[in-house]
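Visitor: Coordinates in coords37.pdb, PDB, C-alpha atoms, pLDDT in the B column, are listed below.
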ATOM      1  CA  MET J 180      17.613 146.362  24.072  1.00 75.00           C
ATOM      2  CA  SER J 181      19.239 144.235  21.392  1.00 87.00           C
ATOM      3  CA  THR J 182      20.350 145.257  17.932  1.00 93.00           C
ATOM      4  CA  LEU J 183      20.579 143.136  14.804  1.00 95.00           C
ATOM      5  CA  THR J 184      24.037 143.347  13.244  1.00 96.00           C
ATOM      6  CA  LEU J 185      26.619 141.241  11.415  1.00 95.00           C
ATOM      7  CA  VAL J 186      29.745 139.946  13.147  1.00 95.00           C
ATOM      8  CA  GLY J 187      32.592 137.664  12.173  1.00 93.00           C
ATOM      9  CA  SER J 188      31.496 134.045  12.289  1.00 92.00           C
ATOM     10  CA  ARG J 189      34.133 133.287  14.962  1.00 91.00           C
ATOM     11  CA  LEU J 190      32.449 135.838  17.283  1.00 89.00           C
ATOM     12  CA  ALA J 191      28.944 134.557  16.567  1.00 93.00           C
ATOM     13  CA  GLU J 192      28.350 132.655  19.808  1.00 94.00           C
ATOM     14  CA  PRO J 193      25.886 133.663  22.526  1.00 96.00           C
ATOM     15  CA  GLY J 194      27.757 135.268  25.417  1.00 96.00           C
ATOM     16  CA  GLN J 195      30.765 136.272  23.311  1.00 96.00           C
ATOM     17  CA  GLU J 196      31.812 139.883  24.004  1.00 96.00           C
ATOM     18  CA  PHE J 197      33.637 142.352  21.794  1.00 95.00           C
ATOM     19  CA  VAL J 198      34.434 146.040  21.515  1.00 95.00           C
ATOM     20  CA  TYR J 199      33.131 147.538  18.290  1.00 94.00           C
ATOM     21  CA  ARG J 200      36.024 149.252  16.504  1.00 92.00           C
ATOM     22  CA  GLY J 201      34.095 150.910  13.676  1.00 92.00           C
ATOM     23  CA  GLU J 202      34.627 150.887   9.949  1.00 92.00           C
ATOM     24  CA  ALA J 203      37.734 149.314   8.410  1.00 92.00           C
ATOM     25  CA  SER J 204      39.112 150.336   5.023  1.00 91.00           C
ATOM     26  CA  ALA J 205      37.957 146.975   3.602  1.00 89.00           C
ATOM     27  CA  CYS J 206      34.324 147.988   4.350  1.00 90.00           C
ATOM     28  CA  GLU J 207      34.309 150.537   1.546  1.00 90.00           C
ATOM     29  CA  GLY J 208      31.911 149.450  -1.175  1.00 89.00           C
ATOM     30  CA  CYS J 209      30.582 146.442   0.761  1.00 91.00           C
ATOM     31  CA  PRO J 210      26.874 145.726   0.134  1.00 92.00           C
ATOM     32  CA  TYR J 211      26.408 144.797   3.828  1.00 91.00           C
ATOM     33  CA  ARG J 212      27.808 148.060   5.285  1.00 89.00           C
ATOM     34  CA  ASP J 213      24.486 149.236   6.706  1.00 89.00           C
ATOM     35  CA  GLN J 214      23.975 145.958   8.585  1.00 90.00           C
ATOM     36  CA  CYS J 215      27.547 145.881   9.995  1.00 89.00           C
ATOM     37  CA  LEU J 216      28.269 149.513  10.781  1.00 93.00           C
ATOM     38  CA  ASN J 217      25.263 150.102  13.040  1.00 94.00           C
ATOM     39  CA  LEU J 218      26.903 149.945  16.489  1.00 95.00           C
ATOM     40  CA  THR J 219      28.600 152.668  18.561  1.00 93.00           C
ATOM     41  CA  GLU J 220      32.363 152.769  18.125  1.00 93.00           C
ATOM     42  CA  GLY J 221      34.385 151.985  21.266  1.00 92.00           C
ATOM     43  CA  ARG J 222      31.532 150.285  23.120  1.00 93.00           C
ATOM     44  CA  ARG J 223      31.501 146.741  24.475  1.00 95.00           C
ATOM     45  CA  TYR J 224      28.757 144.406  23.211  1.00 96.00           C
ATOM     46  CA  ARG J 225      27.608 140.866  24.025  1.00 96.00           C
ATOM     47  CA  VAL J 226      26.156 138.458  21.461  1.00 97.00           C
ATOM     48  CA  ASP J 227      22.692 137.485  22.730  1.00 96.00           C
ATOM     49  CA  SER J 228      21.696 135.144  19.915  1.00 96.00           C
ATOM     50  CA  VAL J 229      22.628 134.001  16.441  1.00 95.00           C
ATOM     51  CA  ARG J 230      19.878 134.235  13.842  1.00 92.00           C
ATOM     52  CA  GLU J 231      18.570 130.783  12.987  1.00 90.00           C
ATOM     53  CA  ASN J 232      19.333 129.608   9.458  1.00 88.00           C
ATOM     54  CA  ALA J 233      21.453 132.717   8.875  1.00 84.00           C
ATOM     55  CA  SER J 234      23.776 132.521   5.893  1.00 90.00           C
ATOM     56  CA  THR J 235      27.470 133.216   6.236  1.00 93.00           C
ATOM     57  CA  LEU J 236      28.225 136.211   4.037  1.00 92.00           C
ATOM     58  CA  ASP J 237      31.582 137.003   2.442  1.00 91.00           C
ATOM     59  CA  CYS J 238      33.509 139.778   4.169  1.00 91.00           C
ATOM     60  CA  GLY J 239      36.669 141.720   3.367  1.00 88.00           C
ATOM     61  CA  VAL J 240      37.526 142.030   7.083  1.00 90.00           C
ATOM     62  CA  HIS J 241      36.572 138.634   8.560  1.00 91.00           C
ATOM     63  CA  ASP J 242      38.237 135.776   6.674  1.00 90.00           C
ATOM     64  CA  SER J 243      35.535 133.316   7.737  1.00 93.00           C
ATOM     65  CA  GLY J 244      32.661 135.638   6.756  1.00 93.00           C
ATOM     66  CA  VAL J 245      29.961 137.315   8.824  1.00 95.00           C
ATOM     67  CA  VAL J 246      26.623 136.162  10.257  1.00 96.00           C
ATOM     68  CA  ALA J 247      23.531 137.919  11.590  1.00 96.00           C
ATOM     69  CA  VAL J 248      23.332 138.159  15.380  1.00 96.00           C
ATOM     70  CA  GLU J 249      21.429 140.044  18.067  1.00 96.00           C
ATOM     71  CA  VAL J 250      23.772 142.037  20.317  1.00 96.00           C
ATOM     72  CA  ALA J 251      23.233 144.159  23.421  1.00 96.00           C
ATOM     73  CA  PRO J 252      25.512 146.550  25.278  1.00 96.00           C
ATOM     74  CA  ALA J 253      27.624 144.633  27.793  1.00 96.00           C
ATOM     75  CA  THR J 254      28.705 145.410  31.325  1.00 96.00           C
ATOM     76  CA  VAL J 255      32.402 146.107  31.866  1.00 96.00           C
ATOM     77  CA  ARG J 256      34.491 144.886  34.793  1.00 97.00           C
ATOM     78  CA  ALA J 257      37.058 147.432  36.003  1.00 97.00           C
ATOM     79  CA  ASN J 258      39.203 148.550  38.927  1.00 97.00           C
ATOM     80  CA  VAL J 259      38.277 151.875  40.559  1.00 97.00           C
ATOM     81  CA  ASP J 260      39.258 153.807  43.674  1.00 96.00           C
ATOM     82  CA  ILE J 261      37.893 151.913  46.671  1.00 95.00           C
ATOM     83  CA  SER J 262      36.698 155.110  48.396  1.00 95.00           C
ATOM     84  CA  SER J 263      34.119 155.841  45.674  1.00 90.00           C
ATOM     85  CA  ALA J 264      33.067 152.278  44.855  1.00 95.00           C
ATOM     86  CA  TYR J 265      29.388 151.988  45.760  1.00 95.00           C
ATOM     87  CA  ALA J 266      26.649 150.331  43.727  1.00 95.00           C
ATOM     88  CA  GLY J 267      24.770 153.086  41.922  1.00 95.00           C
ATOM     89  CA  SER J 268      27.534 155.687  42.135  1.00 96.00           C
ATOM     90  CA  LYS J 269      29.218 157.132  39.042  1.00 96.00           C
ATOM     91  CA  VAL J 270      33.003 157.010  38.828  1.00 96.00           C
ATOM     92  CA  ALA J 271      35.742 157.296  36.238  1.00 95.00           C
ATOM     93  CA  LEU J 272      38.810 155.101  35.889  1.00 96.00           C
ATOM     94  CA  GLU J 273      41.898 156.161  37.801  1.00 94.00           C
ATOM     95  CA  GLY J 274      44.011 156.704  34.699  1.00 93.00           C
ATOM     96  CA  PRO J 275      46.573 154.885  32.576  1.00 95.00           C
ATOM     97  CA  CYS J 276      48.918 152.338  34.075  1.00 96.00           C
ATOM     98  CA  PRO J 277      52.300 151.502  32.510  1.00 96.00           C
ATOM     99  CA  HIS J 278      52.559 148.161  34.356  1.00 97.00           C
ATOM    100  CA  THR J 279      51.273 145.863  31.602  1.00 96.00           C
ATOM    101  CA  ASP J 280      52.550 142.741  33.381  1.00 96.00           C
ATOM    102  CA  CYS J 281      50.308 143.372  36.425  1.00 96.00           C
ATOM    103  CA  PRO J 282      47.439 140.862  36.776  1.00 96.00           C
ATOM    104  CA  SER J 283      45.036 143.824  37.154  1.00 96.00           C
ATOM    105  CA  HIS J 284      46.172 145.763  34.092  1.00 97.00           C
ATOM    106  CA  ALA J 285      43.188 144.719  31.940  1.00 96.00           C
ATOM    107  CA  LEU J 286      40.857 145.867  34.743  1.00 97.00           C
ATOM    108  CA  CYS J 287      42.646 149.201  35.214  1.00 97.00           C
ATOM    109  CA  GLU J 288      42.500 149.866  31.462  1.00 96.00           C
ATOM    110  CA  PRO J 289      39.410 147.908  30.341  1.00 96.00           C
ATOM    111  CA  GLU J 290      38.417 147.925  26.696  1.00 93.00           C
ATOM    112  CA  GLY J 291      35.189 149.779  26.072  1.00 91.00           C
ATOM    113  CA  VAL J 292      35.654 152.483  28.760  1.00 93.00           C
ATOM    114  CA  ASP J 293      37.405 155.838  28.317  1.00 91.00           C
ATOM    115  CA  PHE J 294      39.421 157.286  31.220  1.00 91.00           C
ATOM    116  CA  ASP J 295      37.427 160.521  31.288  1.00 89.00           C
ATOM    117  CA  GLU J 296      34.044 158.766  31.059  1.00 90.00           C
ATOM    118  CA  PRO J 297      32.171 158.471  34.370  1.00 94.00           C
ATOM    119  CA  ARG J 298      30.263 155.184  34.493  1.00 95.00           C
ATOM    120  CA  ARG J 299      27.617 153.935  36.916  1.00 96.00           C
ATOM    121  CA  ILE J 300      28.626 150.989  39.102  1.00 97.00           C
ATOM    122  CA  GLU J 301      26.210 148.069  38.887  1.00 97.00           C
ATOM    123  CA  THR J 302      27.904 145.938  41.551  1.00 97.00           C
ATOM    124  CA  VAL J 303      31.042 145.937  43.642  1.00 97.00           C
ATOM    125  CA  VAL J 304      32.863 142.662  42.948  1.00 97.00           C
ATOM    126  CA  GLY J 305      35.647 142.951  45.533  1.00 94.00           C
ATOM    127  CA  ASP J 306      39.397 142.523  45.699  1.00 95.00           C
ATOM    128  CA  PRO J 307      41.324 142.995  42.450  1.00 96.00           C
ATOM    129  CA  PRO J 308      43.625 140.207  41.229  1.00 95.00           C
ATOM    130  CA  HIS J 309      46.880 142.001  42.148  1.00 94.00           C
ATOM    131  CA  ASP J 310      48.609 141.722  45.546  1.00 93.00           C
ATOM    132  CA  PHE J 311      49.740 145.361  45.526  1.00 93.00           C
ATOM    133  CA  CYS J 312      49.432 148.308  43.166  1.00 96.00           C
ATOM    134  CA  ALA J 313      52.756 149.592  41.798  1.00 95.00           C
ATOM    135  CA  LEU J 314      51.150 153.059  41.507  1.00 96.00           C
ATOM    136  CA  ASP J 315      50.047 152.912  45.154  1.00 96.00           C
ATOM    137  CA  ARG J 316      46.359 153.090  44.270  1.00 96.00           C
ATOM    138  CA  GLU J 317      43.713 151.680  46.618  1.00 96.00           C
ATOM    139  CA  LEU J 318      41.501 149.784  44.164  1.00 97.00           C
ATOM    140  CA  THR J 319      38.530 147.478  44.152  1.00 97.00           C
ATOM    141  CA  THR J 320      36.934 145.631  41.253  1.00 97.00           C
ATOM    142  CA  VAL J 321      33.464 146.669  40.082  1.00 98.00           C
ATOM    143  CA  GLU J 322      31.041 145.873  37.298  1.00 97.00           C
ATOM    144  CA  PHE J 323      29.968 148.962  35.341  1.00 97.00           C
ATOM    145  CA  GLU J 324      26.426 149.062  33.976  1.00 96.00           C
ATOM    146  CA  ALA J 325      26.029 148.530  30.250  1.00 94.00           C
ATOM    147  CA  HIS J 326      25.565 151.637  28.130  1.00 84.00           C
ATOM    148  CA  GLU J 327      22.023 152.402  27.050  1.00 76.00           C
ATOM    149  CA  GLU J 328      21.669 152.449  23.258  1.00 65.00           C
TER     150      GLU J 328
END
How does the structure come out when it is put into structure tokens?
Guide:
Amino acid sequence: MSTLTLVGSRLAEPGQEFVYRGEASACEGCPYRDQCLNLTEGRRYRVDSVRENASTLDCGVHDSGVVAVEVAPATVRANVDISSAYAGSKVALEGPCPHTDCPSHALCEPEGVDFDEPRRIETVVGDPPHDFCALDRELTTVEFEAHEE
């Protein structure tokens, strides 16, 4: 299900994904607060469509203004333990990884998923981008289902 909201004009492209970070201090007193602050903090969203003939509105956070868009919760790609990676199963992430230079780091610590939050696997993608895990984890890449709003 999609939700009408306002996003920065640079994000206002169908298919663009973002993690909603919540209210910024510059939002205080803004006349558009109710239209912007209507998503769930920490969740990943995908822009489905940009409202036709939508005006660009001034914004204290986005220097290029905001526009009206339809967004929906987005799936999240992540690395999980290979032994529990089955489509339809619920799993949590393995935990933090200090190896920020690893090609899999963004999949081991994906934005929009908490470590203690079990998520349902939509599909198993396959081998992760790294050759070996410095933490000796046996991982595979999966696509988590989008959150229901």
Visitor: Evaluate the PyMOL selection byres ((chain J and resi 189-192) around 9) against this structure - the residues, as a list in words, please.
Guide: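 Output of the PyMOL selection byres ((chain J and resi 189-192) around 9): Leu185, Val186, Gly187, Ser188, Pro193, Gly194, Gln195, Glu196, Phe197, Val226, Asp227, Ser228, Val229, His241, Ser243, Gly244, Val245, Val246, Ala247 and Val248 of chain J.
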Visitor: Output the residue selection produced by the PyMOL selection byres ((chain J and resi 290-293) around 7) on the file above, formatted as a list in words.
Guide: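 What the PyMOL selection byres ((chain J and resi 290-293) around 7) grabs from the file is Val198, Gly221, Arg222, Arg223, Glu288, Pro289, Phe294, Asp295 and Glu296 of chain J.
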Visitor: For the atom pair atom CA of Val304 of chain J and atom CA of Pro282 of chain J, what is the interatomic distance in Å to one decimal place?
Guide: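 That distance, rounded to one decimal, is 15.9 Å.
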Visitor: Which neighbours of segment 270-272 of chain J fall inside 12 Å, counting all atoms listed in the file, when residues of the same chain fewer than 6 positions from it are skipped, and could you give them as a ChimeraX atom specification?
Guide: /J:255-264,285-301,316,318-324
Visitor: Evaluated on this file, the PyMOL selection byres ((chain J and resi 250) around 6) picks out some residues - which ones are they, written as an MDAnalysis selection string?
Guide: chainID J and resid 181:182 225:227 249 251
Visitor: Using all atoms listed in the file, can you tell me which of J:Ala325, J:Pro252, J:Phe311, J:Glu220 comes closest to His278 of chain J?
Guide: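 Among the listed residues, J:Phe311 lies closest to His278 of chain J.
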Visitor: Expressed in Å to a single decimal, how great is the separation between atom CA of Ala205 of chain J and atom CA of Arg230 of chain J?
Guide: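 Atom-to-atom, atom CA of Ala205 of chain J and atom CA of Arg230 of chain J are spaced 24.4 Å apart.
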Visitor: Measuring atom to atom with all atoms listed in the file, identify which of J:Ala233, J:Met180, J:Cys281, J:Val240 is nearest to Ser204 of chain J.
Guide: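 Distance minimum relative to Ser204 of chain J lands on J:Val240.
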Visitor: Restricting the calculation to all atoms listed in the file: of J:Thr219, J:Asp315, J:Ala253, J:Glu207, which residue gets closest to Cys276 of chain J?
Guide: J:Asp315
Visitor: Between atom CA of Leu216 of chain J and atom CA of Pro275 of chain J, measure the distance and give it in Å to one decimal.
Guide: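 Interatomic distance, atom CA of Leu216 of chain J to atom CA of Pro275 of chain J: 29.0 Å.
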Visitor: Name the closest residue to Cys312 of chain J among the candidates J:His326, J:Arg200, J:Lys269, J:His284; distances are taken between atoms, counting all atoms listed in the file.
Guide: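 Answer, going by the shortest atom-to-atom distance: J:His284.
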Visitor: Ranking J:Ala313, J:Cys238, J:Asn232, J:Tyr224 by minimum distance to Ala203 of chain J and counting all atoms listed in the file, which one comes first?
Guide: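 Going through J:Ala313, J:Cys238, J:Asn232, J:Tyr224 one by one, the smallest distance to Ala203 of chain J is for J:Cys238.
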Visitor: Can you list, as a list in words, every protein, DNA or RNA residue that comes within 8 Å of Leu218 of chain J when you count only C-alpha atoms, leaving out same-chain residues fewer than 3 positions away?
Guide: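 Contacts, in chain order: Thr184, Tyr199, Gly201 and Cys215 of chain J.
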